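What follows is query_11.pdb (PDB, C-alpha atoms).
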ATOM      1  CA  MET A 115      33.404-219.056  55.531
ATOM      2  CA  MET A 116      35.113-216.662  57.912
ATOM      3  CA  LYS A 117      38.493-217.764  59.244
ATOM      4  CA  LEU A 118      39.923-217.015  62.669
ATOM      5  CA  TYR A 119      43.659-217.356  63.186
ATOM      6  CA  ASP A 120      43.559-218.586  66.739
ATOM      7  CA  LEU A 121      45.534-219.454  69.861
ATOM      8  CA  GLU A 122      43.365-221.608  72.129
ATOM      9  CA  PRO A 123      44.594-220.369  75.549
ATOM     10  CA  SER A 124      44.366-216.711  74.478
ATOM     11  CA  GLY A 125      41.486-214.864  76.103
ATOM     12  CA  ASN A 126      41.500-212.376  73.238
ATOM     13  CA  CYS A 127      41.014-215.151  70.696
ATOM     14  CA  TYR A 128      38.379-216.724  72.929
ATOM     15  CA  LYS A 129      36.370-213.490  72.863
ATOM     16  CA  VAL A 130      35.811-214.040  69.149
ATOM     17  CA  ARG A 131      35.128-217.776  69.465
ATOM     18  CA  LEU A 132      32.680-217.092  72.298
ATOM     19  CA  PHE A 133      30.719-214.505  70.343
ATOM     20  CA  ALA A 134      30.594-216.707  67.257
ATOM     21  CA  ALA A 135      29.240-219.566  69.394
ATOM     22  CA  LEU A 136      26.624-217.389  71.105
ATOM     23  CA  ALA A 137      25.518-215.792  67.844
ATOM     24  CA  GLY A 138      25.576-219.057  65.883
ATOM     25  CA  LEU A 139      28.150-217.813  63.380
ATOM     26  CA  PRO A 140      30.150-220.414  61.429
ATOM     27  CA  LEU A 141      33.845-219.838  61.916
ATOM     28  CA  GLU A 142      36.775-221.778  60.526
ATOM     29  CA  ILE A 143      39.456-221.976  63.195
ATOM     30  CA  GLU A 144      43.101-222.127  62.137
ATOM     31  CA  ALA A 145      45.383-222.867  65.078
ATOM     32  CA  VAL A 146      48.580-220.818  65.046
ATOM     33  CA  ASP A 147      51.844-222.239  66.420
ATOM     34  CA  PHE A 148      52.564-219.335  68.749
ATOM     35  CA  LEU A 149      55.602-220.921  70.424
ATOM     36  CA  ALA A 150      57.245-221.405  67.034
ATOM     37  CA  GLY A 151      56.582-217.745  66.214
ATOM     38  CA  GLU A 152      54.166-218.480  63.376
ATOM     39  CA  HIS A 153      52.182-215.328  64.235
ATOM     40  CA  LYS A 154      55.261-213.268  63.346
ATOM     41  CA  GLY A 155      56.103-215.212  60.201
ATOM     42  CA  GLU A 156      55.764-213.830  56.710
ATOM     43  CA  ARG A 157      52.292-215.243  55.979
ATOM     44  CA  LEU A 158      50.544-213.910  59.099
ATOM     45  CA  SER A 159      52.587-210.698  59.236
ATOM     46  CA  ALA A 160      51.161-209.903  55.819
ATOM     47  CA  LEU A 161      47.701-210.103  57.412
ATOM     48  CA  ASN A 162      48.639-208.358  60.664
ATOM     49  CA  PRO A 163      51.940-206.461  60.813
ATOM     50  CA  TRP A 164      51.428-206.074  64.592
ATOM     51  CA  GLY A 165      52.309-209.765  64.918
ATOM     52  CA  GLU A 166      49.391-210.460  67.252
ATOM     53  CA  LEU A 167      46.356-212.717  67.424
ATOM     54  CA  PRO A 168      43.473-212.959  66.767
ATOM     55  CA  ILE A 169      43.175-212.222  63.075
ATOM     56  CA  LEU A 170      39.840-212.551  61.271
ATOM     57  CA  GLU A 171      39.441-213.042  57.531
ATOM     58  CA  ASP A 172      35.986-212.520  56.037
ATOM     59  CA  GLY A 173      36.319-212.619  52.286
ATOM     60  CA  LYS A 174      38.721-209.826  51.370
ATOM     61  CA  LEU A 175      38.360-208.136  54.751
ATOM     62  CA  VAL A 176      41.115-208.732  57.307
ATOM     63  CA  LEU A 177      40.732-207.456  60.868
ATOM     64  CA  ARG A 178      43.005-207.560  63.898
ATOM     65  CA  ASP A 179      42.204-206.807  67.568
ATOM     66  CA  SER A 180      39.530-208.756  69.387
ATOM     67  CA  GLN A 181      37.423-205.712  70.283
ATOM     68  CA  ALA A 182      37.351-204.510  66.666
ATOM     69  CA  ILE A 183      36.462-208.014  65.484
ATOM     70  CA  LEU A 184      33.590-208.203  67.988
ATOM     71  CA  VAL A 185      32.160-204.892  66.752
ATOM     72  CA  TYR A 186      32.433-206.029  63.137
ATOM     73  CA  LEU A 187      30.881-209.461  63.658
ATOM     74  CA  ALA A 188      28.046-208.114  65.782
ATOM     75  CA  GLY A 189      27.349-205.220  63.419
ATOM     76  CA  ARG A 190      27.551-207.328  60.266
ATOM     77  CA  TYR A 191      26.027-210.614  61.399
ATOM     78  CA  GLY A 192      24.746-210.441  64.978
ATOM     79  CA  GLY A 193      22.065-207.818  64.646
ATOM     80  CA  GLU A 194      21.001-205.315  67.253
ATOM     81  CA  ALA A 195      20.667-208.018  69.875
ATOM     82  CA  TRP A 196      24.459-207.877  70.310
ATOM     83  CA  TRP A 197      25.366-204.420  68.968
ATOM     84  CA  PRO A 198      22.567-201.913  69.618
ATOM     85  CA  GLY A 199      21.643-199.445  66.911
ATOM     86  CA  GLU A 200      21.109-196.520  69.284
ATOM     87  CA  ALA A 201      24.156-194.297  69.718
ATOM     88  CA  HIS A 202      23.821-194.039  73.496
ATOM     89  CA  LEU A 203      23.674-197.822  73.852
ATOM     90  CA  GLN A 204      26.644-198.230  71.529
ATOM     91  CA  GLY A 205      28.469-195.850  73.856
ATOM     92  CA  GLU A 206      27.557-198.029  76.844
ATOM     93  CA  VAL A 207      28.920-201.107  75.088
ATOM     94  CA  MET A 208      32.094-199.322  73.981
ATOM     95  CA  GLN A 209      32.839-198.273  77.558
ATOM     96  CA  TRP A 210      33.148-201.949  78.459
ATOM     97  CA  LEU A 211      35.181-202.843  75.385
ATOM     98  CA  SER A 212      37.615-200.153  76.529
ATOM     99  CA  VAL A 213      37.665-201.653  80.040
ATOM    100  CA  ALA A 214      38.477-205.045  78.506
ATOM    101  CA  ALA A 215      41.347-203.558  76.486
ATOM    102  CA  ASN A 216      42.743-201.544  79.393
ATOM    103  CA  GLU A 217      41.924-202.369  83.024
ATOM    104  CA  ILE A 218      41.296-206.073  82.459
ATOM    105  CA  GLN A 219      44.137-206.482  79.977
ATOM    106  CA  HIS A 220      46.588-204.870  82.415
ATOM    107  CA  GLY A 221      45.041-206.410  85.539
ATOM    108  CA  PRO A 222      43.794-210.023  85.508
ATOM    109  CA  ASN A 223      45.308-210.774  82.113
ATOM    110  CA  ALA A 224      48.732-209.422  83.064
ATOM    111  CA  ALA A 225      48.725-211.447  86.305
ATOM    112  CA  ARG A 226      47.870-214.569  84.282
ATOM    113  CA  LEU A 227      50.659-213.839  81.801
ATOM    114  CA  VAL A 228      53.131-213.781  84.694
ATOM    115  CA  ASP A 229      51.970-216.966  86.420
ATOM    116  CA  LYS A 230      50.921-219.118  83.457
ATOM    117  CA  PHE A 231      53.309-217.997  80.729
ATOM    118  CA  GLY A 232      56.288-216.507  82.613
ATOM    119  CA  TYR A 233      56.053-212.953  81.269
ATOM    120  CA  ALA A 234      58.271-210.387  83.005
ATOM    121  CA  LEU A 235      55.504-208.024  84.098
ATOM    122  CA  ASP A 236      54.823-206.261  87.400
ATOM    123  CA  LYS A 237      52.661-208.855  89.183
ATOM    124  CA  ALA A 238      51.981-206.646  92.220
ATOM    125  CA  LEU A 239      50.670-203.869  89.992
ATOM    126  CA  ALA A 240      48.558-206.349  88.022
ATOM    127  CA  LEU A 241      46.985-207.607  91.257
ATOM    128  CA  GLU A 242      46.296-204.064  92.421
ATOM    129  CA  ARG A 243      44.609-203.245  89.109
ATOM    130  CA  SER A 244      42.646-206.501  89.278
ATOM    131  CA  GLU A 245      41.239-205.675  92.684
ATOM    132  CA  ARG A 246      40.188-202.208  91.538
ATOM    133  CA  ILE A 247      38.401-203.378  88.379
ATOM    134  CA  LEU A 248      36.699-206.271  90.152
ATOM    135  CA  ARG A 249      35.398-203.884  92.807
ATOM    136  CA  LEU A 250      34.111-201.431  90.181
ATOM    137  CA  LEU A 251      32.566-204.218  88.142
ATOM    138  CA  ASP A 252      30.920-205.745  91.195
ATOM    139  CA  ASP A 253      29.416-202.368  92.113
ATOM    140  CA  HIS A 254      28.025-201.988  88.588
ATOM    141  CA  LEU A 255      26.583-205.490  88.533
ATOM    142  CA  ALA A 256      24.933-204.980  91.910
ATOM    143  CA  THR A 257      22.288-202.963  90.049
ATOM    144  CA  HIS A 258      22.572-204.378  86.502
ATOM    145  CA  GLN A 259      22.020-207.912  85.196
ATOM    146  CA  TRP A 260      24.252-207.219  82.187
ATOM    147  CA  LEU A 261      27.046-204.754  81.447
ATOM    148  CA  ALA A 262      25.210-202.567  78.932
ATOM    149  CA  ALA A 263      21.848-202.050  77.240
ATOM    150  CA  GLY A 264      20.015-204.235  79.754
ATOM    151  CA  ARG A 265      20.818-207.428  77.828
ATOM    152  CA  PRO A 266      23.787-209.556  76.780
ATOM    153  CA  THR A 267      25.939-207.756  74.209
ATOM    154  CA  ILE A 268      29.468-208.044  72.893
ATOM    155  CA  ALA A 269      30.477-206.278  76.123
ATOM    156  CA  GLU A 270      30.014-209.629  77.871
ATOM    157  CA  CYS A 271      32.210-211.374  75.303
ATOM    158  CA  ALA A 272      34.936-208.759  75.763
ATOM    159  CA  VAL A 273      35.007-208.641  79.573
ATOM    160  CA  PHE A 274      34.221-212.239  80.571
ATOM    161  CA  PRO A 275      37.228-214.276  79.325
ATOM    162  CA  TYR A 276      40.084-212.930  81.441
ATOM    163  CA  LEU A 277      37.879-212.755  84.531
ATOM    164  CA  ALA A 278      36.783-216.363  84.081
ATOM    165  CA  VAL A 279      40.433-217.526  84.030
ATOM    166  CA  ALA A 280      41.681-214.933  86.519
ATOM    167  CA  TRP A 281      42.519-217.700  89.000
ATOM    168  CA  GLU A 282      45.365-218.743  86.665
ATOM    169  CA  GLY A 283      47.069-215.488  87.618
ATOM    170  CA  GLY A 284      46.348-215.692  91.341
ATOM    171  CA  VAL A 285      43.339-213.370  91.109
ATOM    172  CA  ASP A 286      40.322-214.652  93.025
ATOM    173  CA  PRO A 287      37.001-213.238  91.788
ATOM    174  CA  ARG A 288      34.968-215.386  94.218
ATOM    175  CA  PRO A 289      34.538-212.650  96.864
ATOM    176  CA  TYR A 290      32.778-210.490  94.259
ATOM    177  CA  ARG A 291      29.361-212.110  94.327
ATOM    178  CA  HIS A 292      27.752-209.925  91.676
ATOM    179  CA  VAL A 293      30.604-210.627  89.267
ATOM    180  CA  ASN A 294      30.250-214.341  89.942
ATOM    181  CA  ALA A 295      26.492-214.281  89.393
ATOM    182  CA  TRP A 296      27.036-212.429  86.109
ATOM    183  CA  MET A 297      29.609-215.003  84.953
ATOM    184  CA  GLU A 298      27.120-217.778  85.716
ATOM    185  CA  ARG A 299      24.492-215.968  83.636
ATOM    186  CA  ILE A 300      26.921-215.873  80.717
ATOM    187  CA  LYS A 301      27.670-219.591  81.066
ATOM    188  CA  ALA A 302      23.927-220.257  80.935
ATOM    189  CA  LEU A 303      23.438-218.433  77.609
ATOM    190  CA  PRO A 304      22.399-220.673  74.693
ATOM    191  CA  GLY A 305      25.425-221.672  72.634
ATOM    192  CA  PHE A 306      27.985-220.864  75.348
ATOM    193  CA  GLN A 307      31.310-222.595  74.857
ATOM    194  CA  PRO A 308      34.166-222.533  77.383
ATOM    195  CA  MET A 309      37.895-222.158  76.848
ATOM    196  CA  PRO A 310      40.600-224.103  78.718
ATOM    197  CA  GLY A 311      40.539-223.043  82.369
ATOM    198  CA  ILE A 312      36.804-222.288  82.483
TER
END
If you convert what's in this file into structure tokens, what do you get?
Amino acid sequence: MMKLYDLEPSGNCYKVRLFAALAGLPLEIEAVDFLAGEHKGERLSALNPWGELPILEDGKLVLRDSQAILVYLAGRYGGEAWWPGEAHLQGEVMQWLSVAANEIQHGPNAARLVDKFGYALDKALALERSERILRLLDDHLATHQWLAAGRPTIAECAVFPYLAVAWEGGVDPRPYRHVNAWMERIKALPGFQPMPGI
């Protein structure tokens, strides 16, 4: 069975748990004692020298980075329902994985890291970035039910988590009605499982 080295309140770890739940993939979860620095200890550093979570083990394969793990799981086990075979649709999905790793990571996620975990980041800049990405996302979702390919894909799993817990960083997505409707559609998908804060 695949193993996920996991931190429950991490949105990046939740991306993987969410996809596994939606796709019906069995996943052994190993909780990592983040506060004790277990993720930077010898055992996990051997798996991921970056000292970050999540880490996925599938047989002899070890992967780090939630976006990379999503692509692997969807391509290997999820079928084209989650990771389209057509190059142009893969490009559409990848655009949103990049948004998750950049604008959302440095916007809503950064604001949450300040308020919930006490990180010394620029909260004002995080809020400014949050407003921009929420506006862009809302505009996109005004004419699309899903982020890419006209159906739920791993793009949803990548973008949803830090928006769904954005309130923990003082970011209010409620004024963005298309974003909110999209989040409700995700919550209604068969197999959906929440994380703390959702």
Determine, counting all atoms listed in the file, which protein, DNA and RNA residues have an atom within 12 Å of an atom of A:Leu303; residues of the same chain fewer than 2 positions away are not included. Present the result as a list in words.
Leu132, Phe133, Ala135, Leu136, Ala137, Gly138, Arg265, Pro266, Thr267, Glu270, Cys271, Trp296, Met297, Glu298, Arg299, Ile300, Lys301, Gly305, Phe306, Gln307 and Pro308 of chain A
A:Pro310 environment, 10 Å, all atoms listed in the file, sequence neighbours closer than 6 positions dropped, as a PyMOL selection string
chain A and resi 122-125+128+279
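Interatomic distance, atom CA of A:Pro163 against atom CA of A:Leu121: 17.1 Å.
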Restricting the calculation to only C-alpha atoms: of A:Val273, A:Leu177, A:Val146, A:Met208, which residue gets closest to A:Leu251?
A:Val273
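The smallest atom-to-atom distance between A:His292 and any of A:Ala256, A:Ala188, A:Leu261, A:Pro198, using only C-alpha atoms, is found for A:Ala256.
Rounded to one decimal, atom CA of A:Glu242 and atom CA of A:Ile218 lie 11.3 Å from each other.
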Using atom CA of A:Lys117 and atom CA of A:Phe148 as the two end points, give the distance in Å to one decimal.
17.1 Å
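Using all atoms listed in the file, the protein and nucleic acid residues lying no more than 10 Å from A:Asp147, apart from those fewer than 4 places from it along its own chain, are Asp120, Leu121, Gly151, Glu152 and His153 of chain A.
Nearest residue to A:Pro140, choosing from A:Ile247, A:Ala263, A:Met115, A:Ala238 and counting only C-alpha atoms: A:Met115.
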Counting all atoms listed in the file, figure out which residue out of A:Leu167, A:Met116, A:Ile183, A:Leu211 gets nearest to A:Lys154.
A:Leu167
Hey, what's within 9 Å of A:Tyr191 if we count all atoms listed in the file and toss same-chain stuff fewer than 4 positions away? As a PyMOL selection string, please?
chain A and resi 137+139+186-187
For the provided coordinates, the residues matched by the PyMOL selection byres ((chain A and resi 278) around 10) should be stated as a ChimeraX atom specification.
/A:125,222,273-277,279-282,286-287,293-294,297-298,308-309,311-312
Hey, what comes out of the PyMOL selection byres ((chain A and resi 228) around 12) on this file? Could you write it as a PyMOL selection string?
chain A and resi 220-227+229-241+280+282-285
For A:Arg131, which of A:Pro168, A:Gly199, A:Gly264, A:Pro304 is the closest residue, counting only C-alpha atoms?
A:Pro168
Centre and edges of the stretch 256-259 of chain A box, axis-aligned, 3 Å extra per side, as lines of an AutoDock Vina configuration file:
center_x = 23.5
center_y = -205.4
center_z = 88.6
size_x = 8.9
size_y = 10.9
size_z = 12.7
Name the closest residue to A:Glu217 among the candidates A:Arg157, A:Leu149, A:Leu203, A:Ser244; distances are taken between atoms, counting only C-alpha atoms.
A:Ser244
